[in-house]
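**Q** Below are the structure tokens for one structure; questions will follow.
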Amino acid sequence: MGTGTEKFTLKGHSNSVNAIALTPDGKTLISGSADSTIKIWDLVTGTEKFTFKGHRYSVGAIALTPDGKTLISGSDDKTIKIWDLVKGTEKFTLSGHGDLVGAIAVTPNGKTVISGSWDKTIKIWDLETGKEKFILKGHSSVIAIALTPDGKTMISGSRDDTIKIWDLVKGTEKFTLQGHGELVRVIAVTLDGKTVISGVIDSTIIIRDLVTRTEKFTLEGHSDLVKAIALTPDGKTVISGSRDDTIKIWDLVTGEEIATFTGESPIKCCAVAPDGVTIVAVEQSGKLHFLRLQGKVTDE
């Protein structure tokens with residue numbers, strides 16, 4: 001994948017970008033930063049459209065509703081804020097966590113928000129009323145969460161070196177997958193809901209079968225912790241971003257490394273665009289990369 005050059009740099013945040021999300025049309029990027037703000041970017045022109053201000057501390061997690069009209073953000077200030085992306089305004093705030101909120105997910109129907117916190121809980125919220133529906137307990141600090149495509153099952157990763165599988169309909173824990181002695185940093189689930197991919201702090205990526213509850217294989221190649229994971233829509237390719245300044249592309253079927261892109265600073269977050277072939281990745285420096293998966297992987 002060569003060294004390449006960045007598409008453009010996200011200029012405006014006064015601290016590093018912690019999380020990104022893409023709108024369904026692939027034309028708008030949202031970035032949550034350690035500077036406590038969320039910026040909305042036009043990916044066609046590379047310019048900032050507007051900024052959301054309201055959190056008091058670092059924004060560590062963001063998620064979009066499927067229609068791309070509502071943004072949810074989680075912060076070190078222990079709150080979750082709901083934003084209207086059409087009007088550019090804050091709708092309301094969800095309060096209740098006793099520590100920073102480091103993970104956010106939205107169900108496919110856009111009606112429920114799940115938040116994971118360092119207060120050792122996962123809260124389930126009604127996005128329409130803003131009311132807390134129930135709480136899931138069992139972890140130590142919750143760092144990552146992901147949902148199966150049907151929205152009925154949630155997978156969570158924690159500092160306690162476990163991955164827990166939860167039934168969101170019943171509000172109960174289904175089972176626990178033990179880790180490798182390291183905290184689980186990031187999690188993704190394939191579209192068929194049968195495979196979970198987790199990045200742990202020891203620089204490896206573990207692939208597990210949720211049906212048999214067994215480990216399929218481990219992806220090794222990064223030299224530092226994995227900060228971000230994304231999947232292509234077909235579920236056959238994994239993209240990982242690491243503190244070792246690299247983005248790696250993996251074949252999820254064979255477990256083989258396909259390509260590596262080397263940046264100039266740690267890779268903080270990555271996402272796959274709706275076209276299924278464009279990877280968007282952000283370095284700690286703010287540089288934004290567009291990488292193509294068609295044929296030879298290149299930096300646009």
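The chains in the structure tokens are called A, B, ... from first to last as shown; in each chain the residues are counted from 1, and the ligands are counted from 1 in the order shown.
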Show which residues sit within 8 Å of A:Cys269, as a PyMOL selection string. Count only C-alpha atoms, and ignore same-chain residues fewer than 2 positions away.

**A** chain A and resi 17-20+227-229+241+267+271+281-283

**Q** Just to be explicit: take each residue in the selection above, keep C-alpha atoms, and write the result as a PDB file, in the first residue's frame.

**A**
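Written out: selection_0.pdb:
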ATOM      1  CA  VAL A  17      -9.294  13.127  17.321  1.00  0.00           C
ATOM      2  CA  ASN A  18     -10.619  10.165  19.322  1.00  0.00           C
ATOM      3  CA  ALA A  19     -13.510   8.965  17.176  1.00  0.00           C
ATOM      4  CA  ILE A  20     -14.980   9.362  13.700  1.00  0.00           C
ATOM      5  CA  LYS A 227      -6.680   1.583  18.503  1.00  0.00           C
ATOM      6  CA  ALA A 228      -9.320   1.008  15.833  1.00  0.00           C
ATOM      7  CA  ILE A 229     -11.034  -1.734  13.860  1.00  0.00           C
ATOM      8  CA  GLY A 241      -5.308   1.074  12.992  1.00  0.00           C
ATOM      9  CA  ILE A 267      -3.733   5.862  13.924  1.00  0.00           C
ATOM     10  CA  ALA A 271     -14.050   3.590   9.179  1.00  0.00           C
ATOM     11  CA  ALA A 281      -8.485   6.833   8.751  1.00  0.00           C
ATOM     12  CA  VAL A 282      -7.319   9.632  11.020  1.00  0.00           C
ATOM     13  CA  GLU A 283      -3.877   9.984  12.556  1.00  0.00           C
TER      14      GLU A 283
END

**Q** Neighbours of stretch 138-150 of chain A within 7 Å (only C-alpha atoms; same-chain residues fewer than 2 positions away dropped), as a PyMOL selection string?

**A** chain A and resi 102-105+108+116-121+136+152-160+185-189+191+193

**Q** Take the selection from the previous step and output its residues with N, CA and C atoms, as a PDB file, in the first residue's frame.

**A**
ATOM      1  N   GLY A 102     -16.974   5.749  27.372  1.00  0.00           N
ATOM      2  CA  GLY A 102     -15.973   5.482  26.348  1.00  0.00           C
ATOM      3  C   GLY A 102     -16.450   4.699  25.158  1.00  0.00           C
ATOM      4  N   ALA A 103     -17.732   4.271  25.176  1.00  0.00           N
ATOM      5  CA  ALA A 103     -18.259   3.477  24.065  1.00  0.00           C
ATOM      6  C   ALA A 103     -19.733   3.792  23.853  1.00  0.00           C
ATOM      7  N   ILE A 104     -20.109   3.920  22.575  1.00  0.00           N
ATOM      8  CA  ILE A 104     -21.490   4.245  22.208  1.00  0.00           C
ATOM      9  C   ILE A 104     -21.908   3.396  21.008  1.00  0.00           C
ATOM     10  N   ALA A 105     -23.158   2.942  21.022  1.00  0.00           N
ATOM     11  CA  ALA A 105     -23.715   2.236  19.866  1.00  0.00           C
ATOM     12  C   ALA A 105     -25.196   2.569  19.758  1.00  0.00           C
ATOM     13  N   PRO A 108     -30.029  -0.798  15.100  1.00  0.00           N
ATOM     14  CA  PRO A 108     -30.354  -0.588  13.685  1.00  0.00           C
ATOM     15  C   PRO A 108     -31.667   0.153  13.435  1.00  0.00           C
ATOM     16  N   GLY A 116     -21.331   2.459  27.152  1.00  0.00           N
ATOM     17  CA  GLY A 116     -20.433   1.726  28.036  1.00  0.00           C
ATOM     18  C   GLY A 116     -19.544   2.698  28.782  1.00  0.00           C
ATOM     19  N   SER A 117     -19.379   2.473  30.077  1.00  0.00           N
ATOM     20  CA  SER A 117     -18.661   3.440  30.906  1.00  0.00           C
ATOM     21  C   SER A 117     -17.595   2.794  31.779  1.00  0.00           C
ATOM     22  N   TRP A 118     -16.691   3.628  32.227  1.00  0.00           N
ATOM     23  CA  TRP A 118     -15.675   3.184  33.183  1.00  0.00           C
ATOM     24  C   TRP A 118     -16.272   2.993  34.575  1.00  0.00           C
ATOM     25  N   ASP A 119     -17.561   3.283  34.745  1.00  0.00           N
ATOM     26  CA  ASP A 119     -18.213   3.033  36.032  1.00  0.00           C
ATOM     27  C   ASP A 119     -18.655   1.575  36.165  1.00  0.00           C
ATOM     28  N   LYS A 120     -18.204   0.735  35.207  1.00  0.00           N
ATOM     29  CA  LYS A 120     -18.442  -0.710  35.202  1.00  0.00           C
ATOM     30  C   LYS A 120     -19.854  -1.098  34.769  1.00  0.00           C
ATOM     31  N   THR A 121     -20.575  -0.171  34.145  1.00  0.00           N
ATOM     32  CA  THR A 121     -21.927  -0.478  33.685  1.00  0.00           C
ATOM     33  C   THR A 121     -22.105  -0.191  32.198  1.00  0.00           C
ATOM     34  N   LEU A 136     -26.808  -3.018  32.481  1.00  0.00           N
ATOM     35  CA  LEU A 136     -26.128  -4.309  32.451  1.00  0.00           C
ATOM     36  C   LEU A 136     -24.844  -4.194  33.271  1.00  0.00           C
ATOM     37  N   LYS A 152     -30.280  -7.309  18.376  1.00  0.00           N
ATOM     38  CA  LYS A 152     -30.752  -8.092  19.520  1.00  0.00           C
ATOM     39  C   LYS A 152     -29.629  -8.538  20.462  1.00  0.00           C
ATOM     40  N   THR A 153     -28.407  -8.520  19.955  1.00  0.00           N
ATOM     41  CA  THR A 153     -27.270  -8.975  20.750  1.00  0.00           C
ATOM     42  C   THR A 153     -26.189  -7.904  20.791  1.00  0.00           C
ATOM     43  N   MET A 154     -25.618  -7.692  21.961  1.00  0.00           N
ATOM     44  CA  MET A 154     -24.528  -6.738  22.116  1.00  0.00           C
ATOM     45  C   MET A 154     -23.290  -7.462  22.611  1.00  0.00           C
ATOM     46  N   ILE A 155     -22.148  -7.017  22.115  1.00  0.00           N
ATOM     47  CA  ILE A 155     -20.863  -7.555  22.548  1.00  0.00           C
ATOM     48  C   ILE A 155     -20.090  -6.416  23.201  1.00  0.00           C
ATOM     49  N   SER A 156     -19.528  -6.666  24.364  1.00  0.00           N
ATOM     50  CA  SER A 156     -18.791  -5.624  25.080  1.00  0.00           C
ATOM     51  C   SER A 156     -17.398  -6.096  25.459  1.00  0.00           C
ATOM     52  N   GLY A 157     -16.454  -5.168  25.430  1.00  0.00           N
ATOM     53  CA  GLY A 157     -15.075  -5.448  25.817  1.00  0.00           C
ATOM     54  C   GLY A 157     -14.678  -4.568  26.981  1.00  0.00           C
ATOM     55  N   SER A 158     -13.813  -5.097  27.838  1.00  0.00           N
ATOM     56  CA  SER A 158     -13.520  -4.409  29.087  1.00  0.00           C
ATOM     57  C   SER A 158     -12.050  -4.477  29.481  1.00  0.00           C
ATOM     58  N   ARG A 159     -11.716  -3.686  30.473  1.00  0.00           N
ATOM     59  CA  ARG A 159     -10.380  -3.725  31.064  1.00  0.00           C
ATOM     60  C   ARG A 159     -10.157  -5.015  31.850  1.00  0.00           C
ATOM     61  N   ASP A 160     -11.238  -5.765  32.107  1.00  0.00           N
ATOM     62  CA  ASP A 160     -11.110  -6.999  32.880  1.00  0.00           C
ATOM     63  C   ASP A 160     -10.708  -8.201  32.025  1.00  0.00           C
ATOM     64  N   ARG A 185      -9.528  -3.514  23.695  1.00  0.00           N
ATOM     65  CA  ARG A 185      -9.550  -2.091  23.334  1.00  0.00           C
ATOM     66  C   ARG A 185     -10.655  -1.740  22.339  1.00  0.00           C
ATOM     67  N   VAL A 186     -10.863  -2.579  21.330  1.00  0.00           N
ATOM     68  CA  VAL A 186     -11.860  -2.309  20.291  1.00  0.00           C
ATOM     69  C   VAL A 186     -12.558  -3.602  19.885  1.00  0.00           C
ATOM     70  N   ILE A 187     -13.788  -3.468  19.383  1.00  0.00           N
ATOM     71  CA  ILE A 187     -14.582  -4.633  18.999  1.00  0.00           C
ATOM     72  C   ILE A 187     -15.375  -4.331  17.732  1.00  0.00           C
ATOM     73  N   ALA A 188     -15.530  -5.351  16.881  1.00  0.00           N
ATOM     74  CA  ALA A 188     -16.404  -5.273  15.713  1.00  0.00           C
ATOM     75  C   ALA A 188     -17.069  -6.628  15.526  1.00  0.00           C
ATOM     76  N   VAL A 189     -18.224  -6.625  14.860  1.00  0.00           N
ATOM     77  CA  VAL A 189     -18.968  -7.858  14.610  1.00  0.00           C
ATOM     78  C   VAL A 189     -19.313  -7.935  13.135  1.00  0.00           C
ATOM     79  N   LEU A 191     -21.425  -8.907   9.690  1.00  0.00           N
ATOM     80  CA  LEU A 191     -22.829  -8.661   9.387  1.00  0.00           C
ATOM     81  C   LEU A 191     -23.726  -9.869   9.621  1.00  0.00           C
ATOM     82  N   GLY A 193     -23.439 -11.657  12.162  1.00  0.00           N
ATOM     83  CA  GLY A 193     -23.543 -11.757  13.607  1.00  0.00           C
ATOM     84  C   GLY A 193     -22.882 -12.972  14.210  1.00  0.00           C
TER      85      GLY A 193
END

**Q** May I ask which of the residues A:Lys39, A:Arg56, A:Lys174, A:His97 is the closest one to A:Trp83, counting only C-alpha atoms?

**A**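 Checking each candidate against A:Trp83, we get A:Lys39 as the closest.
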
**Q** Please extract the residues of stretch 59-274 of chain A with a backbone DSSP assignment of strand (DSSP E) and present them as an MDAnalysis selection string.

**A** chainID A and resid 59:64 70:75 80:84 89:94 101:106 112:117 121:126 132:137 142:147 153:158 162:167 172:178 184:189 195:200 205:209 214:219 226:231 237:242 246:251 257:262 267:272

**Q** Hey, can you check how far atom CA of A:Ser36 sits from atom CA of A:Val101?

**A**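 Here the two named atoms are 12.9 Å from each other.
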
**Q** If you measure from atom CA of A:Gly199 to atom CA of A:Thr214, what distance in Å do you get, rounded to one decimal?

**A**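 According to the coordinates, atom CA of A:Gly199 and atom CA of A:Thr214 are separated by 16.0 Å.
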
**Q** Please determine, counting only C-alpha atoms, which residue among A:Arg208, A:Lys133, A:Arg292, A:Lys248 has the shortest atom-to-atom distance to A:Ile279.

**A**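 Of the candidates, the smallest distance to A:Ile279 is held by A:Arg292.
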
**Q** Residues at most 9 Å from stretch 28-31 of chain A, counting only C-alpha atoms, excluding those fewer than 3 positions away in the same chain, as an MDAnalysis selection string?

**A** chainID A and resid 10 17:25 37:44 62 71

**Q** Write a file of the just-selected residues containing C-alpha atoms, as a CSV table (one decimal), in the first residue's frame.

**A**
chain,number,residue,atom,x,y,z
A,10,LEU,CA,-8.6,18.1,9.8
A,17,VAL,CA,-9.3,13.1,17.3
A,18,ASN,CA,-10.6,10.2,19.3
A,19,ALA,CA,-13.5,9.0,17.2
A,20,ILE,CA,-15.0,9.4,13.7
A,21,ALA,CA,-18.2,8.5,11.9
A,22,LEU,CA,-19.4,8.8,8.4
A,23,THR,CA,-22.9,9.7,7.2
A,24,PRO,CA,-24.8,7.1,5.1
A,25,ASP,CA,-24.1,9.1,1.9
A,37,THR,CA,-15.8,19.4,20.6
A,38,ILE,CA,-17.4,17.5,17.7
A,39,LYS,CA,-16.7,18.9,14.2
A,40,ILE,CA,-18.7,18.2,11.1
A,41,TRP,CA,-16.7,18.1,7.9
A,42,ASP,CA,-17.6,18.2,4.2
A,43,LEU,CA,-15.5,15.4,2.6
A,44,VAL,CA,-16.0,16.8,-0.9
A,62,ILE,CA,-19.6,8.9,18.7
A,71,LEU,CA,-25.5,12.0,16.4

**Q** Could you pull the residues within 8 Å of A:Ile114, counting only C-alpha atoms, minus those fewer than 2 positions along the same chain, as a PDB file with C-alpha atoms, in the first residue's frame?

**A**
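What landed in part07.pdb:
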ATOM      1  CA  ILE A 104     -21.490   4.245  22.208  1.00  0.00           C
ATOM      2  CA  ALA A 105     -23.715   2.236  19.866  1.00  0.00           C
ATOM      3  CA  VAL A 106     -27.138   2.703  18.283  1.00  0.00           C
ATOM      4  CA  THR A 107     -29.530  -0.107  17.394  1.00  0.00           C
ATOM      5  CA  THR A 112     -32.077   2.703  21.327  1.00  0.00           C
ATOM      6  CA  GLY A 116     -20.433   1.726  28.036  1.00  0.00           C
ATOM      7  CA  ILE A 122     -23.601  -0.537  30.297  1.00  0.00           C
ATOM      8  CA  LYS A 123     -26.747   1.549  30.085  1.00  0.00           C
ATOM      9  CA  ILE A 124     -29.575   1.082  27.605  1.00  0.00           C
ATOM     10  CA  TRP A 125     -31.468   4.256  26.703  1.00  0.00           C
TER      11      TRP A 125
END

**Q** What are the closest atom pairs, with distances in Å to one decimal, for each residue of stretch 211-253 of chain A lying within 10 Å of stretch 201-204 of chain A, using only C-alpha atoms, rows by chain and rising residue number, as JSON lines?

**A**
{"residue": "A:Thr218", "atom": "CA", "partner": "A:Thr204", "partner_atom": "CA", "distance": 6.8}
{"residue": "A:Leu219", "atom": "CA", "partner": "A:Thr204", "partner_atom": "CA", "distance": 5.9}
{"residue": "A:Glu220", "atom": "CA", "partner": "A:Thr204", "partner_atom": "CA", "distance": 5.2}
{"residue": "A:Gly221", "atom": "CA", "partner": "A:Thr204", "partner_atom": "CA", "distance": 7.4}
{"residue": "A:His222", "atom": "CA", "partner": "A:Ser203", "partner_atom": "CA", "distance": 5.5}
{"residue": "A:Ser223", "atom": "CA", "partner": "A:Ser203", "partner_atom": "CA", "distance": 5.9}
{"residue": "A:Asp224", "atom": "CA", "partner": "A:Ser203", "partner_atom": "CA", "distance": 4.8}
{"residue": "A:Leu225", "atom": "CA", "partner": "A:Ser203", "partner_atom": "CA", "distance": 4.1}
{"residue": "A:Val226", "atom": "CA", "partner": "A:Ser203", "partner_atom": "CA", "distance": 5.5}
{"residue": "A:Lys227", "atom": "CA", "partner": "A:Ile201", "partner_atom": "CA", "distance": 8.5}
{"residue": "A:Ser242", "atom": "CA", "partner": "A:Ser203", "partner_atom": "CA", "distance": 7.8}
{"residue": "A:Arg243", "atom": "CA", "partner": "A:Ser203", "partner_atom": "CA", "distance": 8.9}
{"residue": "A:Asp244", "atom": "CA", "partner": "A:Ser203", "partner_atom": "CA", "distance": 9.1}

**Q** Go ahead and dump the residues you just picked, N, CA and C atoms, as an mmCIF file, in the first residue's frame.

**A**
data_model
loop_
_atom_site.group_PDB
_atom_site.id
_atom_site.type_symbol
_atom_site.label_atom_id
_atom_site.label_comp_id
_atom_site.auth_asym_id
_atom_site.auth_seq_id
_atom_site.Cartn_x
_atom_site.Cartn_y
_atom_site.Cartn_z
ATOM 1 N N THR A 218 -5.673 -15.682 15.353
ATOM 2 C CA THR A 218 -5.189 -14.381 15.809
ATOM 3 C C THR A 218 -4.429 -13.693 14.687
ATOM 4 N N LEU A 219 -4.698 -12.407 14.502
ATOM 5 C CA LEU A 219 -3.983 -11.608 13.509
ATOM 6 C C LEU A 219 -2.820 -10.919 14.204
ATOM 7 N N GLU A 220 -1.608 -11.214 13.741
ATOM 8 C CA GLU A 220 -0.411 -10.640 14.342
ATOM 9 C C GLU A 220 0.402 -9.890 13.296
ATOM 10 N N GLY A 221 0.890 -8.720 13.672
ATOM 11 C CA GLY A 221 1.662 -7.919 12.730
ATOM 12 C C GLY A 221 1.908 -6.511 13.233
ATOM 13 N N HIS A 222 0.962 -5.987 14.029
ATOM 14 C CA HIS A 222 1.178 -4.681 14.643
ATOM 15 C C HIS A 222 2.221 -4.799 15.752
ATOM 16 N N SER A 223 2.929 -3.706 15.996
ATOM 17 C CA SER A 223 3.957 -3.711 17.038
ATOM 18 C C SER A 223 3.551 -2.899 18.266
ATOM 19 N N ASP A 224 2.319 -2.379 18.244
ATOM 20 C CA ASP A 224 1.813 -1.631 19.391
ATOM 21 C C ASP A 224 0.301 -1.828 19.440
ATOM 22 N N LEU A 225 -0.352 -1.297 20.452
ATOM 23 C CA LEU A 225 -1.765 -1.582 20.646
ATOM 24 C C LEU A 225 -2.627 -1.136 19.470
ATOM 25 N N VAL A 226 -3.689 -1.891 19.221
ATOM 26 C CA VAL A 226 -4.636 -1.602 18.148
ATOM 27 C C VAL A 226 -5.682 -0.629 18.683
ATOM 28 N N LYS A 227 -5.785 0.530 18.038
ATOM 29 C CA LYS A 227 -6.680 1.583 18.503
ATOM 30 C C LYS A 227 -8.034 1.567 17.810
ATOM 31 N N SER A 242 -3.317 1.256 14.355
ATOM 32 C CA SER A 242 -2.538 1.012 15.568
ATOM 33 C C SER A 242 -1.718 2.219 16.008
ATOM 34 N N ARG A 243 -1.282 2.153 17.253
ATOM 35 C CA ARG A 243 -0.383 3.176 17.783
ATOM 36 C C ARG A 243 0.997 3.070 17.149
ATOM 37 N N ASP A 244 1.244 2.001 16.368
ATOM 38 C CA ASP A 244 2.532 1.861 15.680
ATOM 39 C C ASP A 244 2.575 2.643 14.365
#

**Q** Quick one: of A:Val277, A:Ile197, A:Val272, A:Leu291, who's nearest to A:Leu252, counting only C-alpha atoms?

**A**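 Of all the options, A:Ile197 lies closest to A:Leu252.
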
**Q** Between A:Ser115, A:Thr47, A:Thr89, A:Thr172, which residue has the minimum interatomic distance to A:Ser73, considering only C-alpha atoms?

**A**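 When distances to A:Ser73 are compared using only C-alpha atoms, the smallest one comes from A:Ser115.
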
**Q** Looking at A:Val280, A:Ser285, A:Gly32, A:Lys194, which one is nearest to A:Asp245, with distances taken over only C-alpha atoms?

**A**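 With only C-alpha atoms as the atom set, the closest residue is A:Ser285.
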
**Q** Just to confirm, what's the straight-line distance from atom CA of A:Leu288 to atom CA of A:Ile258 in Å (one decimal)?

**A**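 Value for the atom CA of A:Leu288-atom CA of A:Ile258 distance: 21.2 Å.
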